[in-house]
Amino acid sequence: MRSHYAFWPRRLPKAISVPATSLWDNLSVNAHRYPDKTALVFFGSEISYRQLAEGAERLAAHLCALGIQRGDRVLLCMQNCPQWVMAHFAILRANAVVVPVNPMNRAEELKHYITDPQAKFAFTTADLAAELALASNSLPEGEGLQHLVVARFMDAFDPAVAEGDAPPAAWRQWLTTEHAMPSLADGQVHRWSDALACTAPVPAHVVGSSDLAVLPYTSGTTGLPKGCMHLHRSLMHNAVASALWGNGSSENVALAAVPMFHITGMVSVMHTTVYCGGTLVLMPRWDRDLAGRMISRYKVTNWTNVPTMIIDLLGSPNFASYDLSSLVYIGGGGAAMPQAVAQRLFDQYGLRYAEGYGLTETAAPSHSNPVDAPKQQCLGIPFMSTDARVIDPDTLQELAVGEQGEIIVHGPEVFEGYWQRPEATAAAFIEFEGKRFFRTGDLGHVDTDGYFFLTDRLKRMINASGFKVWPAEVEALMFRHPAIQEACVIGMRDSYRGESVKAVVVLRASHGHTSEQEILDWCHENMAAYKAPRVVQFVDALPKSGSGKVMWRALQEAEKQPADR
């Protein structure tokens, strides 16, 4: 099916040759091209391309002096900040593999991210260090971290001189509090400033496009999160293709409001901007008025986001004082953009919101709407170099236009497979027309123009403001609560987040006095905030099939019915 080529931007190639170099080379090249150009902006402080590359090389030397070898996995657990970018490229420069970790995870969740990739080294910020150390110290001897490098936000900005770029007042304590350095039971803790001062020689950079670069984790319908093996070339493809798609140049100024530990922020924002030699304006968390001020002050040109951010910004009482006229590209995914909001963007600024679609397994976009011809509530058309189809999930036969089936994707951005999960990898791919296609698990259809639309999910998953929540993972954590006999996690409608998490719980007879609030509080203490249930409903029993399996779909349908009415 090639009908979408009628809407393909005439200025763009339909496929690209992926550079044979590593992702590190993108930074290295631009440090030579634009040494004094601003690479990063963070609360009024600016870091040049030369400073970014030199800092990454010092950190790489520190890693190698501590024993990092080619292909070793290194955790990176931070919110958006200059240290995240510098540490990310330092790991790549050291010929190692980045394991990005959501900083909202708690110790119980973090243990898996240490043991599964056999990580012995980690970078984090002082506000998160105690939780990561607790996770490491809770592991059996020999399985925890050997080295932990701890940065402070104030290593990257001076709150006294931030002035117009000052962080929101509510963030001051979070960003400026001096935290005590934790201790590792079987290792050493290093200050960021000491690591950055390393004078050891940096080793030769020997990895290339076919080496493992990043191991982001994604959950699924069963079991613990799985690592997605991305080589330098899969991320490189989407960095280069995204630059072309979004009119990328060295004059781009991108707002990094989506988290860079997430594949979209990492690839579509950070790697794309660094490949271009543009400037990244970093936000460690979302705040609508800070975003409005940053766009206005730095003349942001490109903004990849989640639609809820746009909705929130447009709802600010200060919105009229912000100048969004510098924006030339605005788009994103994770949730559908409401038609009325998209229309307001177009009427007020002439901006067409370009929705896209992708997964951790596809290095962010596998589909995107052409900027000149987007459709609303639409995934877009297959991205550069990409072939996508809709098939019957049972017969694996391609379906006709308009028929609902599973979306499958083939292209250079698709990952190699799941880390140490050969069975899961085999189940995720099929051979179709002689090519290896990834099964997304999402149900959709194609219209006569070749645009793809999402209609349902084959996999059991909750989408809360673009964050994917996998019920099986939340249930596994909840079963550790002594009062919970059984739990079934489902999605509930949320007017702002799209969906939120609800847990239907059967209490143990010995814990009948336990309240819903106690369960909610425990969940917030033991899992990332976006995973934690917003509502807990107690029931006497969960519906089960003849084989004893919990009929989660029946509970999900029952939850939908009142909203449908």
# chains A, B, ... in the order shown; residues from 1 in each chain; ligands from 1

$ residues_around --residues "Thr304 in chain A" --least-positions-apart "4" --cutoff "7 Å" --atoms "only C-alpha atoms" --output "PyMOL selection string"
chain A and resi 269+330-332

$ residues_around --residues "range 513-518 of chain A" --least-positions-apart "6" --cutoff "10 Å" --atoms "only C-alpha atoms" --output "PyMOL selection string"
chain A and resi 483-484+503+505+507+534-538

$ write_last_selection --atoms "N, CA and C atoms" --output "short mmCIF file (atom, residue, chain, number, x, y, z; two decimals), in the first residue's frame"
data_model
loop_
_atom_site.label_atom_id
_atom_site.label_comp_id
_atom_site.auth_asym_id
_atom_site.auth_seq_id
_atom_site.Cartn_x
_atom_site.Cartn_y
_atom_site.Cartn_z
N ALA A 483 -2.36 -6.96 52.93
CA ALA A 483 -3.82 -7.02 53.02
C ALA A 483 -4.49 -7.48 51.73
N ILE A 484 -3.73 -7.51 50.63
CA ILE A 484 -4.34 -7.79 49.33
C ILE A 484 -4.28 -9.28 48.99
N ALA A 503 -7.85 0.11 40.61
CA ALA A 503 -7.59 -1.25 41.10
C ALA A 503 -8.83 -1.81 41.77
N VAL A 505 -9.98 -4.69 44.15
CA VAL A 505 -9.21 -5.45 45.14
C VAL A 505 -10.09 -6.34 46.01
N LEU A 507 -9.72 -8.13 49.62
CA LEU A 507 -8.88 -8.13 50.82
C LEU A 507 -8.81 -9.52 51.45
N ARG A 534 -5.45 5.58 41.05
CA ARG A 534 -6.13 6.78 41.55
C ARG A 534 -7.37 6.39 42.36
N VAL A 535 -7.90 5.21 42.06
CA VAL A 535 -9.12 4.72 42.73
C VAL A 535 -8.92 3.26 43.09
N VAL A 536 -9.35 2.88 44.28
CA VAL A 536 -9.38 1.48 44.70
C VAL A 536 -10.82 1.11 45.03
N GLN A 537 -11.28 0.01 44.46
CA GLN A 537 -12.63 -0.49 44.72
C GLN A 537 -12.53 -1.86 45.36
N PHE A 538 -13.11 -2.03 46.56
CA PHE A 538 -13.11 -3.33 47.21
C PHE A 538 -14.30 -4.16 46.73
#

$ closest_residue --among "A:Ser210, A:Ser495, A:Thr264, A:Asn369" --to "Ser465 in chain A" --atoms "only C-alpha atoms"
A:Ser495

$ closest_atom_pairs --of "range 325-434 of chain A" --to "range 223-244 of chain A" --cutoff "12 Å" --atoms "only C-alpha atoms" --output "CSV"
residue,atom,partner,partner_atom,distance
A:Tyr329,CA,A:Ala243,CA,11.0
A:Gly331,CA,A:Ser242,CA,11.5
A:Gly332,CA,A:Ser242,CA,11.7
A:Gly356,CA,A:Ser242,CA,11.1
A:Gly358,CA,A:Asn238,CA,10.8
A:Leu359,CA,A:Cys228,CA,10.4
A:Thr360,CA,A:Cys228,CA,7.2
A:Glu361,CA,A:Cys228,CA,6.1
A:Thr362,CA,A:Ser234,CA,8.0
A:Ala363,CA,A:Leu235,CA,5.9
A:Ala364,CA,A:Asn238,CA,7.5
A:Pro365,CA,A:Asn238,CA,7.2
A:Ser366,CA,A:Asn238,CA,8.7
A:His367,CA,A:Ser242,CA,10.9
A:Ser368,CA,A:Ser242,CA,9.6
A:Asn369,CA,A:Ser242,CA,11.8
A:Pro370,CA,A:Ser242,CA,11.5
A:Val371,CA,A:Leu244,CA,11.5
A:Pro382,CA,A:Ala241,CA,12.0
A:Phe383,CA,A:Ala241,CA,8.2
A:Met384,CA,A:Ala241,CA,6.5
A:Ser385,CA,A:Ala241,CA,8.9
A:Thr386,CA,A:Asn238,CA,10.7
A:His410,CA,A:Ser234,CA,11.8
A:Gly411,CA,A:Ser234,CA,8.8
A:Pro412,CA,A:Ser234,CA,5.6
A:Glu413,CA,A:Ser234,CA,4.2
A:Val414,CA,A:Ser234,CA,6.4
A:Phe415,CA,A:His230,CA,5.0
A:Glu416,CA,A:Met229,CA,5.5
A:Gly417,CA,A:Met229,CA,5.6
A:Tyr418,CA,A:Cys228,CA,4.9
A:Trp419,CA,A:Gly227,CA,5.0
A:Gln420,CA,A:Gly227,CA,8.3
A:Arg421,CA,A:Lys226,CA,7.7
A:Pro422,CA,A:Lys226,CA,11.1
A:Glu423,CA,A:Lys226,CA,11.8
A:Ala424,CA,A:Lys226,CA,9.0
A:Thr425,CA,A:Cys228,CA,9.6
A:Ala428,CA,A:Cys228,CA,11.5

$ closest_atom_pairs --of "range 320-432 of chain A" --to "range 306-316 of chain A" --cutoff "9 Å" --atoms "only C-alpha atoms" --output "JSON lines"
{"residue": "A:Ala320", "atom": "CA", "partner": "A:Ser316", "partner_atom": "CA", "distance": 8.5}
{"residue": "A:Gly331", "atom": "CA", "partner": "A:Val306", "partner_atom": "CA", "distance": 8.0}
{"residue": "A:Gly332", "atom": "CA", "partner": "A:Val306", "partner_atom": "CA", "distance": 5.6}
{"residue": "A:Gly333", "atom": "CA", "partner": "A:Val306", "partner_atom": "CA", "distance": 5.6}
{"residue": "A:Gly334", "atom": "CA", "partner": "A:Val306", "partner_atom": "CA", "distance": 6.1}
{"residue": "A:Ala335", "atom": "CA", "partner": "A:Pro307", "partner_atom": "CA", "distance": 6.5}
{"residue": "A:Ala336", "atom": "CA", "partner": "A:Pro307", "partner_atom": "CA", "distance": 6.9}
{"residue": "A:Met337", "atom": "CA", "partner": "A:Pro307", "partner_atom": "CA", "distance": 5.4}
{"residue": "A:Pro338", "atom": "CA", "partner": "A:Pro307", "partner_atom": "CA", "distance": 8.0}
{"residue": "A:Val341", "atom": "CA", "partner": "A:Ile311", "partner_atom": "CA", "distance": 6.9}
{"residue": "A:Glu355", "atom": "CA", "partner": "A:Pro307", "partner_atom": "CA", "distance": 9.0}

$ closest_residue --among "A:Ala532, A:Leu443, A:Ala487, A:Val409" --to "Val469 in chain A" --atoms "only C-alpha atoms"
A:Ala532

$ residues_around --residues "Gly491 in chain A" --least-positions-apart "2" --cutoff "9 Å" --atoms "only C-alpha atoms" --output "list in words"
Met461, Ile462, Asn463, Ala464, Pro471, Val489, Arg493, Glu499, Ser500, Val501, Lys502, Ala503, Gln556, Glu559 and Lys560 of chain A

$ write_last_selection --atoms "C-alpha atoms" --output "short mmCIF file (atom, residue, chain, number, x, y, z; two decimals), in the first residue's frame"
data_model
loop_
_atom_site.label_atom_id
_atom_site.label_comp_id
_atom_site.auth_asym_id
_atom_site.auth_seq_id
_atom_site.Cartn_x
_atom_site.Cartn_y
_atom_site.Cartn_z
CA MET A 461 -2.52 -1.41 28.57
CA ILE A 462 -3.57 1.91 30.13
CA ASN A 463 -2.45 5.21 28.57
CA ALA A 464 -2.22 7.96 31.22
CA PRO A 471 -1.75 -3.67 34.57
CA VAL A 489 -6.03 -3.30 37.47
CA ARG A 493 -11.73 7.48 31.90
CA GLU A 499 -7.10 7.37 31.25
CA SER A 500 -6.19 6.75 34.88
CA VAL A 501 -5.52 3.60 36.86
CA LYS A 502 -8.16 1.83 38.94
CA ALA A 503 -7.59 -1.25 41.10
CA GLN A 556 -13.03 -3.14 32.11
CA GLU A 559 -16.11 0.36 34.09
CA LYS A 560 -16.78 1.77 30.62
#

$ atom_distance --atom1 "CA of Ala373 in chain A" --atom2 "CA of Met266 in chain A"
25.9 Å

$ closest_atom_pairs --of "range 481-545 of chain A" --to "range 95-112 of chain A" --cutoff "7 Å" --atoms "only C-alpha atoms" --output "Markdown table"
| residue | atom | partner | partner_atom | distance |
| --- | --- | --- | --- | --- |
| A:Asn526 | CA | A:Arg106 | CA | 5.7 |
| A:Met527 | CA | A:Arg106 | CA | 5.3 |
| A:Ala528 | CA | A:Asn105 | CA | 4.5 |
| A:Ala529 | CA | A:Met104 | CA | 6.5 |

$ write_last_selection --atoms "N, CA and C atoms" --output "short mmCIF file (atom, residue, chain, number, x, y, z; two decimals), in the first residue's frame"
data_model
loop_
_atom_site.label_atom_id
_atom_site.label_comp_id
_atom_site.auth_asym_id
_atom_site.auth_seq_id
_atom_site.Cartn_x
_atom_site.Cartn_y
_atom_site.Cartn_z
N ASN A 526 5.30 2.86 46.90
CA ASN A 526 6.02 1.71 46.37
C ASN A 526 6.06 1.60 44.85
N MET A 527 5.48 2.56 44.16
CA MET A 527 5.56 2.53 42.70
C MET A 527 5.51 3.94 42.14
N ALA A 528 5.94 4.07 40.90
CA ALA A 528 5.94 5.38 40.25
C ALA A 528 4.55 5.99 40.28
N ALA A 529 4.49 7.30 40.43
CA ALA A 529 3.21 7.99 40.62
C ALA A 529 2.23 7.73 39.48
#

$ residues_around --residues "Lys459 in chain A" --least-positions-apart "6" --cutoff "12 Å" --atoms "only C-alpha atoms" --output "PyMOL selection string"
chain A and resi 219-222+393+406-407+428+439-443+468-472+553

$ residues_around --residues "range 542-546 of chain A" --least-positions-apart "6" --cutoff "9 Å" --atoms "only C-alpha atoms" --output "list in words"
Glu486, Ala487, Cys488, Val504, Val505, Val506, Trp552, Ala554 and Leu555 of chain A

$ closest_residue --among "A:Phe7, A:Thr115, A:Tyr349, A:Phe123" --to "Pro140 in chain A" --atoms "only C-alpha atoms"
A:Thr115

$ select_by_dssp --residues "range 160-329 of chain A" --states "strand (DSSP E)" --output "list in words"
Gln188, Val189, His190, Arg191, Leu212, Ala213, Val214, Tyr217, Thr218, Lys226, Gly227, His230, Leu231, Val253, Ala254, Leu255, Ala256, Thr279, Leu280, Val281, Leu282, Asn302, Trp303, Thr304, Asn305 and Tyr329 of chain A

$ write_last_selection --atoms "C-alpha atoms" --output "short mmCIF file (atom, residue, chain, number, x, y, z; two decimals), in the first residue's frame"
data_model
loop_
_atom_site.label_atom_id
_atom_site.label_comp_id
_atom_site.auth_asym_id
_atom_site.auth_seq_id
_atom_site.Cartn_x
_atom_site.Cartn_y
_atom_site.Cartn_z
CA GLN A 188 31.48 3.52 45.95
CA VAL A 189 29.55 6.76 45.56
CA HIS A 190 31.17 9.55 43.51
CA ARG A 191 30.31 13.23 43.30
CA LEU A 212 24.13 -1.80 21.08
CA ALA A 213 23.57 1.83 22.13
CA VAL A 214 20.50 2.09 24.35
CA TYR A 217 12.67 -0.85 29.18
CA THR A 218 9.05 -1.44 28.33
CA LYS A 226 11.79 -5.99 29.19
CA GLY A 227 14.82 -4.21 27.72
CA HIS A 230 18.45 -0.53 20.11
CA LEU A 231 21.62 -0.30 18.06
CA VAL A 253 15.63 25.73 19.22
CA ALA A 254 13.78 22.79 20.76
CA LEU A 255 11.86 22.76 24.03
CA ALA A 256 12.66 19.55 25.91
CA THR A 279 19.78 24.28 20.97
CA LEU A 280 17.89 22.34 23.65
CA VAL A 281 15.92 24.32 26.24
CA LEU A 282 15.55 21.89 29.15
CA ASN A 302 10.31 23.08 17.54
CA TRP A 303 8.17 21.57 20.26
CA THR A 304 7.44 17.85 20.48
CA ASN A 305 4.99 17.22 23.30
CA TYR A 329 6.82 22.79 14.19
#

$ atom_distance --atom1 "CA of Asp521 in chain A" --atom2 "CA of Trp174 in chain A"
21.2 Å

$ closest_residue --among "A:Gly55, A:Gly498, A:Gly350, A:Pro13" --to "Trp192 in chain A" --atoms "only C-alpha atoms"
A:Gly55

$ closest_residue --among "A:Gly246, A:Pro82, A:Pro284, A:Pro159" --to "Val328 in chain A" --atoms "only C-alpha atoms"
A:Gly246

$ atom_distance --atom1 "CA of Asp287 in chain A" --atom2 "CA of Asn252 in chain A"
22.0 Å

$ closest_residue --among "A:Arg297, A:Asp394, A:Lys14, A:Pro9" --to "Pro374 in chain A" --atoms "only C-alpha atoms"
A:Pro9
